[in-house]
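**Student:** Next up, input.cif (mmCIF, C-alpha atoms and all ligand atoms).
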```cif
data_run
loop_
_atom_site.label_atom_id
_atom_site.label_comp_id
_atom_site.auth_asym_id
_atom_site.auth_seq_id
_atom_site.Cartn_x
_atom_site.Cartn_y
_atom_site.Cartn_z
CA MET A 1020 20.26 -15.17 4.38
CA ARG A 1021 18.16 -17.85 2.71
CA ILE A 1022 19.24 -19.33 -0.57
CA LEU A 1023 17.53 -21.70 -2.96
CA ILE A 1024 19.51 -24.33 -4.81
CA ALA A 1025 18.29 -26.52 -7.64
CA GLU A 1026 20.55 -29.40 -8.59
CA ASP A 1027 19.49 -32.86 -9.74
CA ASP A 1028 22.74 -34.63 -8.96
CA PRO A 1029 22.49 -35.71 -5.28
CA VAL A 1030 26.24 -35.60 -4.64
CA SER A 1031 26.71 -32.12 -6.09
CA ARG A 1032 23.58 -30.96 -4.27
CA ARG A 1033 24.85 -32.27 -0.96
CA LEU A 1034 28.22 -30.60 -1.53
CA LEU A 1035 26.51 -27.27 -2.25
CA GLU A 1036 24.26 -27.62 0.79
CA VAL A 1037 27.19 -28.30 3.11
CA THR A 1038 29.32 -25.51 1.65
CA LEU A 1039 26.55 -22.90 1.81
CA HIS A 1040 25.60 -23.98 5.31
CA LYS A 1041 29.17 -23.48 6.42
CA TRP A 1042 29.02 -19.91 5.08
CA GLY A 1043 25.93 -19.20 7.16
CA TYR A 1044 23.22 -19.58 4.52
CA GLU A 1045 19.92 -21.25 5.24
CA VAL A 1046 19.47 -23.58 2.28
CA VAL A 1047 16.20 -24.45 0.53
CA SER A 1048 17.16 -27.47 -1.55
CA CYS A 1049 15.32 -28.55 -4.73
CA PRO A 1050 16.06 -31.77 -6.68
CA ASP A 1051 14.82 -30.38 -10.02
CA GLY A 1052 13.80 -27.24 -11.90
CA THR A 1053 10.05 -27.75 -11.54
CA THR A 1054 10.29 -27.90 -7.75
CA ALA A 1055 12.52 -24.82 -7.82
CA TRP A 1056 10.00 -22.87 -9.90
CA GLN A 1057 7.14 -23.91 -7.57
CA THR A 1058 9.17 -22.85 -4.54
CA LEU A 1059 10.16 -19.52 -6.10
CA GLN A 1060 6.51 -18.65 -6.68
CA ARG A 1061 5.76 -18.76 -2.95
CA PRO A 1062 5.65 -15.37 -1.24
CA ASP A 1063 8.27 -16.38 1.35
CA SER A 1064 10.73 -17.90 -1.12
CA PRO A 1065 14.44 -16.96 -0.99
CA SER A 1066 15.54 -14.04 -3.13
CA LEU A 1067 18.89 -15.62 -3.94
CA ALA A 1068 19.01 -18.75 -6.11
CA ILE A 1069 21.64 -21.06 -7.55
CA LEU A 1070 20.24 -23.04 -10.45
CA ASP A 1071 21.88 -25.87 -12.30
CA TRP A 1072 21.40 -25.51 -16.05
CA MET A 1073 20.79 -29.14 -16.99
CA MET A 1074 18.00 -30.72 -14.97
CA PRO A 1075 15.10 -33.05 -15.69
CA GLY A 1076 11.71 -31.32 -16.05
CA MET A 1077 12.31 -27.60 -16.27
CA ASP A 1078 15.95 -26.75 -16.80
CA GLY A 1079 17.71 -23.79 -15.18
CA LEU A 1080 17.16 -21.58 -18.20
CA GLN A 1081 13.42 -22.18 -18.22
CA VAL A 1082 13.20 -21.42 -14.52
CA CYS A 1083 15.10 -18.16 -15.17
CA ARG A 1084 12.68 -17.15 -17.91
CA GLU A 1085 9.62 -17.92 -15.78
CA VAL A 1086 10.98 -15.95 -12.83
CA ARG A 1087 11.69 -12.93 -15.02
CA GLN A 1088 8.24 -13.05 -16.56
CA GLN A 1089 6.68 -12.80 -13.15
CA ALA A 1090 6.38 -9.60 -11.14
CA ALA A 1091 9.74 -7.89 -10.73
CA GLU A 1092 9.43 -7.67 -6.96
CA PRO A 1093 10.85 -9.00 -4.80
CA TYR A 1094 13.75 -9.44 -7.16
CA VAL A 1095 15.32 -12.92 -7.32
CA TYR A 1096 19.05 -12.88 -7.94
CA ILE A 1097 19.91 -15.94 -10.01
CA LEU A 1098 23.28 -17.55 -10.37
CA LEU A 1099 23.40 -20.22 -13.03
CA LEU A 1100 25.67 -23.21 -12.50
CA THR A 1101 26.70 -24.89 -15.68
CA ALA A 1102 29.12 -27.36 -17.16
CA ARG A 1103 28.83 -25.38 -20.40
CA SER A 1104 31.44 -22.73 -20.80
CA GLN A 1105 31.04 -21.70 -24.44
CA LYS A 1106 30.47 -18.02 -24.96
CA THR A 1107 27.15 -18.71 -26.72
CA ASP A 1108 25.95 -20.72 -23.69
CA ILE A 1109 26.86 -17.93 -21.33
CA ILE A 1110 25.04 -15.40 -23.49
CA ALA A 1111 21.99 -17.68 -23.62
CA GLY A 1112 22.03 -17.94 -19.82
CA LEU A 1113 22.24 -14.19 -19.31
CA GLU A 1114 19.61 -13.62 -21.97
CA ALA A 1115 17.23 -15.96 -20.13
CA GLY A 1116 17.53 -13.65 -17.12
CA ALA A 1117 20.38 -15.07 -15.04
CA ASP A 1118 22.36 -12.41 -13.20
CA ASP A 1119 25.59 -14.37 -13.13
CA TYR A 1120 26.94 -17.80 -13.96
CA LEU A 1121 29.63 -20.14 -12.74
CA THR A 1122 31.07 -23.09 -14.60
CA LYS A 1123 31.26 -26.49 -12.95
CA PRO A 1124 33.23 -27.75 -11.17
CA PHE A 1125 33.09 -24.49 -9.31
CA ASP A 1126 35.77 -22.97 -7.17
CA ALA A 1127 34.39 -22.51 -3.64
CA ASN A 1128 35.99 -19.13 -3.08
CA GLU A 1129 34.74 -17.81 -6.38
CA LEU A 1130 31.21 -18.96 -5.57
CA ARG A 1131 31.42 -17.28 -2.19
CA MET A 1132 32.48 -13.96 -3.70
CA ARG A 1133 29.89 -14.10 -6.47
CA LEU A 1134 27.16 -14.73 -3.90
CA ARG A 1135 28.43 -11.78 -1.94
CA ALA A 1136 28.09 -9.62 -5.08
CA GLY A 1137 24.54 -10.90 -5.49
CA ARG A 1138 23.69 -10.00 -1.92
CA ARG A 1139 25.00 -6.49 -2.47
CA ILE A 1140 22.57 -6.10 -5.37
CA LEU A 1141 19.70 -7.48 -3.28
CA ASP A 1142 20.56 -5.19 -0.36
CA LEU A 1143 20.58 -2.19 -2.66
CA GLN A 1144 17.26 -3.21 -4.10
CA ALA A 1145 15.72 -3.64 -0.64
CA GLU A 1146 16.99 -0.19 0.28
CA LEU A 1147 15.48 1.32 -2.87
CA ILE A 1148 12.12 -0.31 -2.18
CA PHE A 1149 12.21 0.95 1.39
CA VAL A 1150 12.94 4.52 0.28
CA ARG A 1151 10.31 4.37 -2.46
CA GLU A 1152 7.68 3.14 0.02
CA ALA A 1153 8.66 5.86 2.50
CA LEU A 1154 8.30 8.49 -0.24
CA ARG A 1155 4.97 7.08 -1.31
CA GLU A 1156 3.81 7.14 2.30
CA ARG A 1157 4.92 10.74 2.66
CA ALA A 1158 3.22 11.76 -0.58
CA THR A 1159 -0.12 10.17 0.20
CA ARG A 1160 -0.54 10.33 3.98
CA ASP A 1161 -1.41 13.20 6.25
CA SER A 1162 1.48 13.45 8.70
CA LEU A 1163 -0.66 14.36 11.72
CA THR A 1164 -3.43 11.75 11.50
CA ARG A 1165 -1.83 9.13 9.17
CA LEU A 1166 -5.07 9.21 7.15
CA TRP A 1167 -4.95 9.74 3.36
CA ASN A 1168 -4.11 13.33 2.54
CA ARG A 1169 -6.34 15.55 0.43
CA ALA A 1170 -4.82 14.55 -2.92
CA ALA A 1171 -4.91 10.83 -2.11
CA ILE A 1172 -8.52 10.73 -0.88
CA TYR A 1173 -9.57 12.77 -3.93
CA GLU A 1174 -7.83 10.29 -6.20
CA LEU A 1175 -9.54 7.43 -4.38
CA LEU A 1176 -12.90 9.13 -4.90
CA GLN A 1177 -12.17 9.55 -8.62
CA ARG A 1178 -11.22 5.90 -8.91
CA GLU A 1179 -14.30 4.71 -7.04
CA LEU A 1180 -16.57 6.94 -9.15
CA GLY A 1181 -15.05 5.29 -12.22
CA ARG A 1182 -16.12 1.95 -10.77
CA VAL A 1183 -19.62 3.31 -10.10
CA ARG A 1184 -19.92 4.20 -13.81
CA ARG A 1185 -19.07 0.62 -14.73
CA THR A 1186 -21.01 -1.26 -12.07
CA GLU A 1187 -23.81 1.25 -11.45
CA ILE A 1188 -23.57 0.44 -7.74
CA PRO A 1189 -23.78 3.79 -5.92
CA LEU A 1190 -21.20 5.15 -3.53
CA SER A 1191 -21.59 7.86 -0.93
CA ILE A 1192 -19.31 10.39 0.65
CA ILE A 1193 -19.41 12.12 4.01
CA LEU A 1194 -17.76 15.44 4.68
CA VAL A 1195 -17.08 15.73 8.40
CA ASP A 1196 -16.20 19.00 10.13
CA ILE A 1197 -15.41 19.42 13.82
CA ASP A 1198 -17.69 21.95 15.52
CA TYR A 1199 -16.15 25.04 17.10
CA PHE A 1200 -12.68 23.62 16.68
CA LYS A 1201 -11.09 27.05 16.86
CA ARG A 1202 -12.27 27.26 20.48
CA ILE A 1203 -10.32 24.10 21.35
CA ASN A 1204 -7.15 25.66 20.00
CA ASP A 1205 -7.92 28.93 21.79
CA THR A 1206 -8.74 27.27 25.10
CA TYR A 1207 -6.27 24.38 25.29
CA GLY A 1208 -3.60 25.31 22.77
CA HIS A 1209 -2.64 24.15 19.31
CA LEU A 1210 -1.04 20.89 20.53
CA ALA A 1211 -4.26 19.85 22.20
CA GLY A 1212 -6.04 20.74 18.95
CA ASP A 1213 -3.67 18.42 17.11
CA ALA A 1214 -4.36 15.63 19.60
CA VAL A 1215 -8.10 16.10 19.11
CA LEU A 1216 -7.65 15.77 15.34
CA ARG A 1217 -5.70 12.54 15.83
CA GLU A 1218 -8.26 11.13 18.27
CA THR A 1219 -11.13 12.03 15.97
CA ALA A 1220 -9.38 10.31 13.07
CA CYS A 1221 -8.81 7.20 15.20
CA CYS A 1222 -12.39 7.14 16.41
CA MET A 1223 -13.80 7.39 12.88
CA GLN A 1224 -11.54 4.57 11.70
CA THR A 1225 -13.04 2.23 14.28
CA VAL A 1226 -16.55 2.91 13.01
CA ILE A 1227 -16.09 2.61 9.21
CA ARG A 1228 -15.67 -0.59 7.19
CA PRO A 1229 -12.18 -1.74 6.13
CA TYR A 1230 -12.80 -0.88 2.47
CA ASP A 1231 -14.09 2.62 3.17
CA GLY A 1232 -11.62 5.41 2.47
CA ILE A 1233 -10.95 8.19 4.93
CA GLY A 1234 -8.78 11.24 4.42
CA ARG A 1235 -8.02 14.60 5.94
CA TYR A 1236 -9.58 17.01 3.49
CA GLY A 1237 -8.71 20.27 5.22
CA GLY A 1238 -7.63 21.60 8.63
CA GLU A 1239 -10.41 20.05 10.73
CA GLU A 1240 -12.37 18.56 7.88
CA PHE A 1241 -12.41 14.89 6.86
CA LEU A 1242 -13.70 13.18 3.73
CA LEU A 1243 -15.05 9.64 3.85
CA VAL A 1244 -15.54 7.64 0.65
CA LEU A 1245 -17.95 4.76 1.07
CA PRO A 1246 -18.04 2.35 -1.87
CA GLU A 1247 -21.22 0.34 -2.44
CA CYS A 1248 -23.15 2.47 0.01
CA ASP A 1249 -26.42 4.23 -0.79
CA ALA A 1250 -27.85 7.35 0.87
CA ALA A 1251 -29.65 5.41 3.60
CA GLY A 1252 -26.51 3.43 4.47
CA ALA A 1253 -24.36 6.54 4.51
CA MET A 1254 -26.83 8.46 6.68
CA ALA A 1255 -26.92 5.56 9.15
CA LEU A 1256 -23.13 5.44 9.26
CA ALA A 1257 -22.91 9.21 9.66
CA GLU A 1258 -25.33 9.13 12.58
CA ARG A 1259 -23.30 6.35 14.18
CA LEU A 1260 -20.13 8.39 13.72
CA ARG A 1261 -21.76 11.50 15.13
CA ASP A 1262 -23.06 9.56 18.14
CA THR A 1263 -19.73 7.83 18.84
CA ILE A 1264 -17.75 11.06 18.67
CA ALA A 1265 -20.20 13.02 20.82
CA ALA A 1266 -20.48 10.25 23.43
CA GLU A 1267 -16.82 9.83 24.35
CA ALA A 1268 -14.82 12.54 26.09
CA MET A 1269 -11.19 12.59 24.96
CA VAL A 1270 -8.74 12.30 27.78
CA LEU A 1271 -5.78 14.53 26.98
CA ALA A 1272 -2.92 15.89 29.05
CA GLU A 1273 -4.69 19.26 28.89
CA GLY A 1274 -7.92 17.82 30.32
CA MET A 1275 -11.10 16.05 29.24
CA ILE A 1276 -12.35 17.39 25.95
CA ARG A 1277 -15.71 16.72 24.40
CA ILE A 1278 -16.32 17.51 20.78
CA THR A 1279 -19.10 17.19 18.26
CA VAL A 1280 -19.02 17.03 14.49
CA SER A 1281 -21.32 18.16 11.69
CA MET A 1282 -21.62 16.20 8.47
CA GLY A 1283 -22.78 16.50 4.91
CA VAL A 1284 -23.66 13.29 3.05
CA ALA A 1285 -23.88 13.01 -0.74
CA THR A 1286 -24.52 10.02 -3.02
CA SER A 1287 -23.30 9.27 -6.52
CA SER A 1288 -26.89 9.05 -7.80
CA LEU A 1289 -26.86 12.88 -7.65
CA THR A 1290 -23.70 13.30 -9.71
CA GLN A 1291 -20.68 11.20 -10.63
CA GLU A 1292 -18.40 14.18 -10.99
CA PRO A 1293 -16.06 14.31 -7.95
CA ASP A 1294 -15.97 18.10 -7.50
CA ALA A 1295 -19.73 18.40 -7.87
CA LEU A 1296 -20.27 15.55 -5.39
CA ILE A 1297 -17.94 17.12 -2.83
CA GLY A 1298 -19.63 20.48 -3.48
CA ALA A 1299 -23.03 18.93 -2.75
CA ALA A 1300 -21.72 17.33 0.47
CA ASP A 1301 -20.27 20.72 1.42
CA ALA A 1302 -23.63 22.41 0.86
CA ALA A 1303 -25.28 19.80 3.09
CA LEU A 1304 -22.55 20.32 5.69
CA TYR A 1305 -23.23 24.04 5.60
CA ARG A 1306 -26.89 23.33 6.37
CA ALA A 1307 -25.86 21.07 9.27
CA LYS A 1308 -23.75 23.91 10.69
CA ASN A 1309 -26.55 26.44 10.27
CA GLY A 1310 -29.07 24.02 11.72
CA GLY A 1311 -27.24 24.06 15.05
CA ARG A 1312 -24.23 21.73 14.50
CA ASN A 1313 -23.80 18.15 15.84
CA ARG A 1314 -26.05 17.13 12.95
CA VAL A 1315 -26.06 15.18 9.69
CA GLU A 1316 -27.64 16.54 6.49
CA LEU A 1317 -28.19 14.78 3.18
CA ALA A 1318 -27.40 16.59 -0.08
CA THR A 1319 -30.18 16.87 -2.65
CA ALA A 1320 -30.35 17.54 -6.39
CA VAL A 1321 -30.98 21.19 -5.50
CA ASP A 1322 -27.53 21.33 -3.86
CA VAL A 1323 -25.91 19.99 -7.01
CA MET A 1324 -27.76 22.51 -9.17
CA ALA A 1325 -26.90 25.38 -6.81
CA GLU A 1326 -23.23 24.31 -6.84
CA SER A 1327 -23.07 24.15 -10.63
CA GLU A 1328 -24.80 27.55 -10.94
CA LEU A 1329 -22.30 28.99 -8.47
CA LYS A 1330 -19.45 27.52 -10.50
CA GLY A 1331 -20.97 28.88 -13.71
CA SER A 1332 -21.28 32.37 -12.29
CA MET A 1333 -17.65 32.29 -11.15
CA ALA A 1334 -16.36 31.10 -14.54
P1 LIG B 1 -17.34 25.52 12.86
O1 LIG B 1 -18.14 24.87 13.92
O2 LIG B 1 -18.12 26.52 12.10
O3 LIG B 1 -16.70 24.52 11.97
O4 LIG B 1 -16.19 26.35 13.60
P2 LIG B 1 -14.66 25.99 13.69
O5 LIG B 1 -14.09 26.78 14.80
O6 LIG B 1 -14.49 24.53 13.79
O7 LIG B 1 -14.14 26.43 12.28
P3 LIG B 1 -13.12 27.53 11.82
O8 LIG B 1 -13.00 27.34 10.35
O9 LIG B 1 -13.52 28.89 12.33
O10 LIG B 1 -11.76 27.15 12.53
C1 LIG B 1 -11.03 26.02 12.20
C2 LIG B 1 -9.75 26.05 12.98
O11 LIG B 1 -8.99 24.87 12.79
C3 LIG B 1 -8.86 27.19 12.58
C4 LIG B 1 -7.49 26.60 12.44
O12 LIG B 1 -6.52 27.30 13.15
C5 LIG B 1 -7.64 25.21 13.03
N1 LIG B 1 -6.76 24.23 12.43
C6 LIG B 1 -6.61 23.93 11.13
N2 LIG B 1 -5.69 22.95 10.96
C7 LIG B 1 -5.22 22.65 12.19
C8 LIG B 1 -4.21 21.75 12.69
O13 LIG B 1 -3.58 20.98 11.94
N3 LIG B 1 -4.01 21.69 14.03
C9 LIG B 1 -4.71 22.50 14.87
N4 LIG B 1 -4.45 22.40 16.17
N5 LIG B 1 -5.62 23.40 14.43
C10 LIG B 1 -5.90 23.46 13.13
MG MG B 2 -15.06 23.34 12.13
#
```
Could you rewrite the structure in this file as structure tokens?
**Tutor:**
Amino acid sequence: MRILIAEDDPVSRRLLEVTLHKWGYEVVSCPDGTTAWQTLQRPDSPSLAILDWMMPGMDGLQVCREVRQQAAEPYVYILLLTARSQKTDIIAGLEAGADDYLTKPFDANELRMRLRAGRRILDLQAELIFVREALRERATRDSLTRLWNRAAIYELLQRELGRVRRTEIPLSIILVDIDYFKRINDTYGHLAGDAVLRETACCMQTVIRPYDGIGRYGGEEFLLVLPECDAAGAMALAERLRDTIAAEAMVLAEGMIRITVSMGVATSSLTQEPDALIGAADAALYRAKNGGRNRVELATAVDVMAESELKGSMA
């Protein structure tokens, strides 16, 4: 465990260094508060700190306040070392954001136990963050392909359309559907079907840009959100995707499987309403299927109008 210490008195600092070292800590030593604050701002800084109260430059209290004003994660557990033992001092220290305090000269055993308590808090916090991240992952990712799930890719589309309204730079979406996928399940089994979905997801990820979003929108349907991409750019990307997928046979335990995909492309210049945009891409996809599959079709204003009329008639 790494620990930061800030102490201006060289003798006390050395004593702390030696003691902590003996207990197995890796010590990051700072001669004053300003250096401590600079060190604590680094991404790889220790999450456990012992700060002397009285120091030249920034004192321990100021460092505490700055740390607490910053982002709450990763949490820094702060133990304040002070010669002041008045109740009002202690309250001031805790108010500034210290987690604990110890009066000088400190008792080595007491320091050791208080650090152990601090580590328990940090361990608990790390565990909480881990669980929270795992939950977030589960809530936003599709478990089969690891792509965004339907809700997450929809949210991303909403967010990006919000940006389009501000910046007026268009975005495009591509709705991708595997052709005759049911046959793959029927011929090779459901597990092979799953493997094909995973491979297709992987393949598409290698073709798109890092800031493009890709999610599993339905069973064998994927939605790509392409920020700052107009119709021509999206059509070119879709053709590249179509080509790449059709060109490579997938080597699975069940055999070599070739697939093709059909796609519908729609651009935010048609509509900036997410459902209407997806509806337009879906209409274009439908045309690609009817036109013989393994094709890309671009949505037009007529698709948007037809979609909204359809919606109106259903309402
Ligand atoms: P089209 O070319 O018209 O798109 O035909 P298709 O066979 O691809 O489409 P259809 O909608 O008839 O069938 C889709 C199939 O995808 C049916 C369903 O069982 C299968 N499917 C959906 N989700 C999964 C999944 O997670 N794993 C597997 N293996 N199959 C899935
Ligand atoms: Mg299909």
**Student:** Identify, on the basis of all atoms listed in the file, every residue whose closest approach to Leu1304 of chain A does not exceed 9 Å; exclude the query and any residue fewer than 5 positions from it along the same chain; express the result as a list of chain:residue names.
**Tutor:** A:Ile1193, A:Leu1194, A:Val1195, A:Asp1196, A:Ser1281, A:Met1282, A:Gly1283, A:Val1284, A:Ala1299, A:Asn1309, A:Arg1314, A:Val1315, A:Glu1316, A:Leu1317, A:Ala1318
**Student:** Which residues are near ligand LIG 1 (chain B) in this structure, taking near to mean any atom at most 12 Å from a ligand atom and counting only C-alpha atoms and all ligand atoms? Format them as a PDB file with C-alpha atoms, keeping the file's coordinate frame.
**Tutor:**
```pdb
ATOM      1  CA  ASP A1161      -1.410  13.200   6.250  1.00  0.00           C
ATOM      2  CA  SER A1162       1.480  13.450   8.700  1.00  0.00           C
ATOM      3  CA  LEU A1163      -0.660  14.360  11.720  1.00  0.00           C
ATOM      4  CA  THR A1164      -3.430  11.750  11.500  1.00  0.00           C
ATOM      5  CA  LEU A1194     -17.760  15.440   4.680  1.00  0.00           C
ATOM      6  CA  VAL A1195     -17.080  15.730   8.400  1.00  0.00           C
ATOM      7  CA  ASP A1196     -16.200  19.000  10.130  1.00  0.00           C
ATOM      8  CA  ILE A1197     -15.410  19.420  13.820  1.00  0.00           C
ATOM      9  CA  ASP A1198     -17.690  21.950  15.520  1.00  0.00           C
ATOM     10  CA  TYR A1199     -16.150  25.040  17.100  1.00  0.00           C
ATOM     11  CA  PHE A1200     -12.680  23.620  16.680  1.00  0.00           C
ATOM     12  CA  LYS A1201     -11.090  27.050  16.860  1.00  0.00           C
ATOM     13  CA  ARG A1202     -12.270  27.260  20.480  1.00  0.00           C
ATOM     14  CA  ILE A1203     -10.320  24.100  21.350  1.00  0.00           C
ATOM     15  CA  ASN A1204      -7.150  25.660  20.000  1.00  0.00           C
ATOM     16  CA  ASP A1205      -7.920  28.930  21.790  1.00  0.00           C
ATOM     17  CA  THR A1206      -8.740  27.270  25.100  1.00  0.00           C
ATOM     18  CA  TYR A1207      -6.270  24.380  25.290  1.00  0.00           C
ATOM     19  CA  GLY A1208      -3.600  25.310  22.770  1.00  0.00           C
ATOM     20  CA  HIS A1209      -2.640  24.150  19.310  1.00  0.00           C
ATOM     21  CA  LEU A1210      -1.040  20.890  20.530  1.00  0.00           C
ATOM     22  CA  ALA A1211      -4.260  19.850  22.200  1.00  0.00           C
ATOM     23  CA  GLY A1212      -6.040  20.740  18.950  1.00  0.00           C
ATOM     24  CA  ASP A1213      -3.670  18.420  17.110  1.00  0.00           C
ATOM     25  CA  ALA A1214      -4.360  15.630  19.600  1.00  0.00           C
ATOM     26  CA  VAL A1215      -8.100  16.100  19.110  1.00  0.00           C
ATOM     27  CA  LEU A1216      -7.650  15.770  15.340  1.00  0.00           C
ATOM     28  CA  ARG A1217      -5.700  12.540  15.830  1.00  0.00           C
ATOM     29  CA  ARG A1235      -8.020  14.600   5.940  1.00  0.00           C
ATOM     30  CA  TYR A1236      -9.580  17.010   3.490  1.00  0.00           C
ATOM     31  CA  GLY A1237      -8.710  20.270   5.220  1.00  0.00           C
ATOM     32  CA  GLY A1238      -7.630  21.600   8.630  1.00  0.00           C
ATOM     33  CA  GLU A1239     -10.410  20.050  10.730  1.00  0.00           C
ATOM     34  CA  GLU A1240     -12.370  18.560   7.880  1.00  0.00           C
ATOM     35  CA  PHE A1241     -12.410  14.890   6.860  1.00  0.00           C
ATOM     36  CA  ILE A1278     -16.320  17.510  20.780  1.00  0.00           C
ATOM     37  CA  THR A1279     -19.100  17.190  18.260  1.00  0.00           C
ATOM     38  CA  VAL A1280     -19.020  17.030  14.490  1.00  0.00           C
ATOM     39  CA  SER A1281     -21.320  18.160  11.690  1.00  0.00           C
ATOM     40  CA  MET A1282     -21.620  16.200   8.470  1.00  0.00           C
ATOM     41  CA  ASP A1301     -20.270  20.720   1.420  1.00  0.00           C
ATOM     42  CA  LEU A1304     -22.550  20.320   5.690  1.00  0.00           C
ATOM     43  CA  TYR A1305     -23.230  24.040   5.600  1.00  0.00           C
ATOM     44  CA  ARG A1306     -26.890  23.330   6.370  1.00  0.00           C
ATOM     45  CA  ALA A1307     -25.860  21.070   9.270  1.00  0.00           C
ATOM     46  CA  LYS A1308     -23.750  23.910  10.690  1.00  0.00           C
ATOM     47  CA  ASN A1309     -26.550  26.440  10.270  1.00  0.00           C
ATOM     48  CA  GLY A1310     -29.070  24.020  11.720  1.00  0.00           C
ATOM     49  CA  GLY A1311     -27.240  24.060  15.050  1.00  0.00           C
ATOM     50  CA  ARG A1312     -24.230  21.730  14.500  1.00  0.00           C
ATOM     51  CA  ASN A1313     -23.800  18.150  15.840  1.00  0.00           C
ATOM     52  CA  ARG A1314     -26.050  17.130  12.950  1.00  0.00           C
TER      53      ARG A1314
END
```
**Student:** List the spatial neighbours of Arg1084 of chain A as a ChimeraX atom specification - criterion: any atom at most 10 Å away, all atoms listed in the file, same-chain residues fewer than 5 positions off excluded.
**Tutor:** /A:1079,1089,1112,1114-1117
**Student:** Could you write out that same residue set with C-alpha atoms as a PDB file, keeping the file's coordinate frame?
**Tutor:**
```
ATOM      1  CA  GLY A1079      17.710 -23.790 -15.180  1.00  0.00           C
ATOM      2  CA  GLN A1089       6.680 -12.800 -13.150  1.00  0.00           C
ATOM      3  CA  GLY A1112      22.030 -17.940 -19.820  1.00  0.00           C
ATOM      4  CA  GLU A1114      19.610 -13.620 -21.970  1.00  0.00           C
ATOM      5  CA  ALA A1115      17.230 -15.960 -20.130  1.00  0.00           C
ATOM      6  CA  GLY A1116      17.530 -13.650 -17.120  1.00  0.00           C
ATOM      7  CA  ALA A1117      20.380 -15.070 -15.040  1.00  0.00           C
TER       8      ALA A1117
END
```
**Student:** Find the distance between atom CA of Met1275 of chain A and atom CA of Thr1219 of chain A and write it in Å to one decimal.
**Tutor:** 13.9 Å
**Student:** Show me, as number ranges by chain, the residues that have an atom within 9 Å of Tyr1120 of chain A when counting only C-alpha atoms, minus same-chain residues fewer than 4 positions from it.
**Tutor:** A: 1069, 1097-1101, 1109, 1112-1113, 1133
**Student:** Can you pull out the residues contacting segment 1319-1326 of chain A? Cut-off 8 Å, using all atoms listed in the file, and skip same-chain residues under 3 positions away; I want them as number ranges by chain.
**Tutor:** A: 1285, 1289-1290, 1295-1296, 1298-1299, 1302-1303, 1329-1330
**Student:** Measure the distance from atom CA of Arg1169 of chain A to atom CA of Gly1234 of chain A in Å and round it to one decimal.
**Tutor:**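 Straight-line distance from atom CA of Arg1169 of chain A to atom CA of Gly1234 of chain A works out to 6.4 Å.
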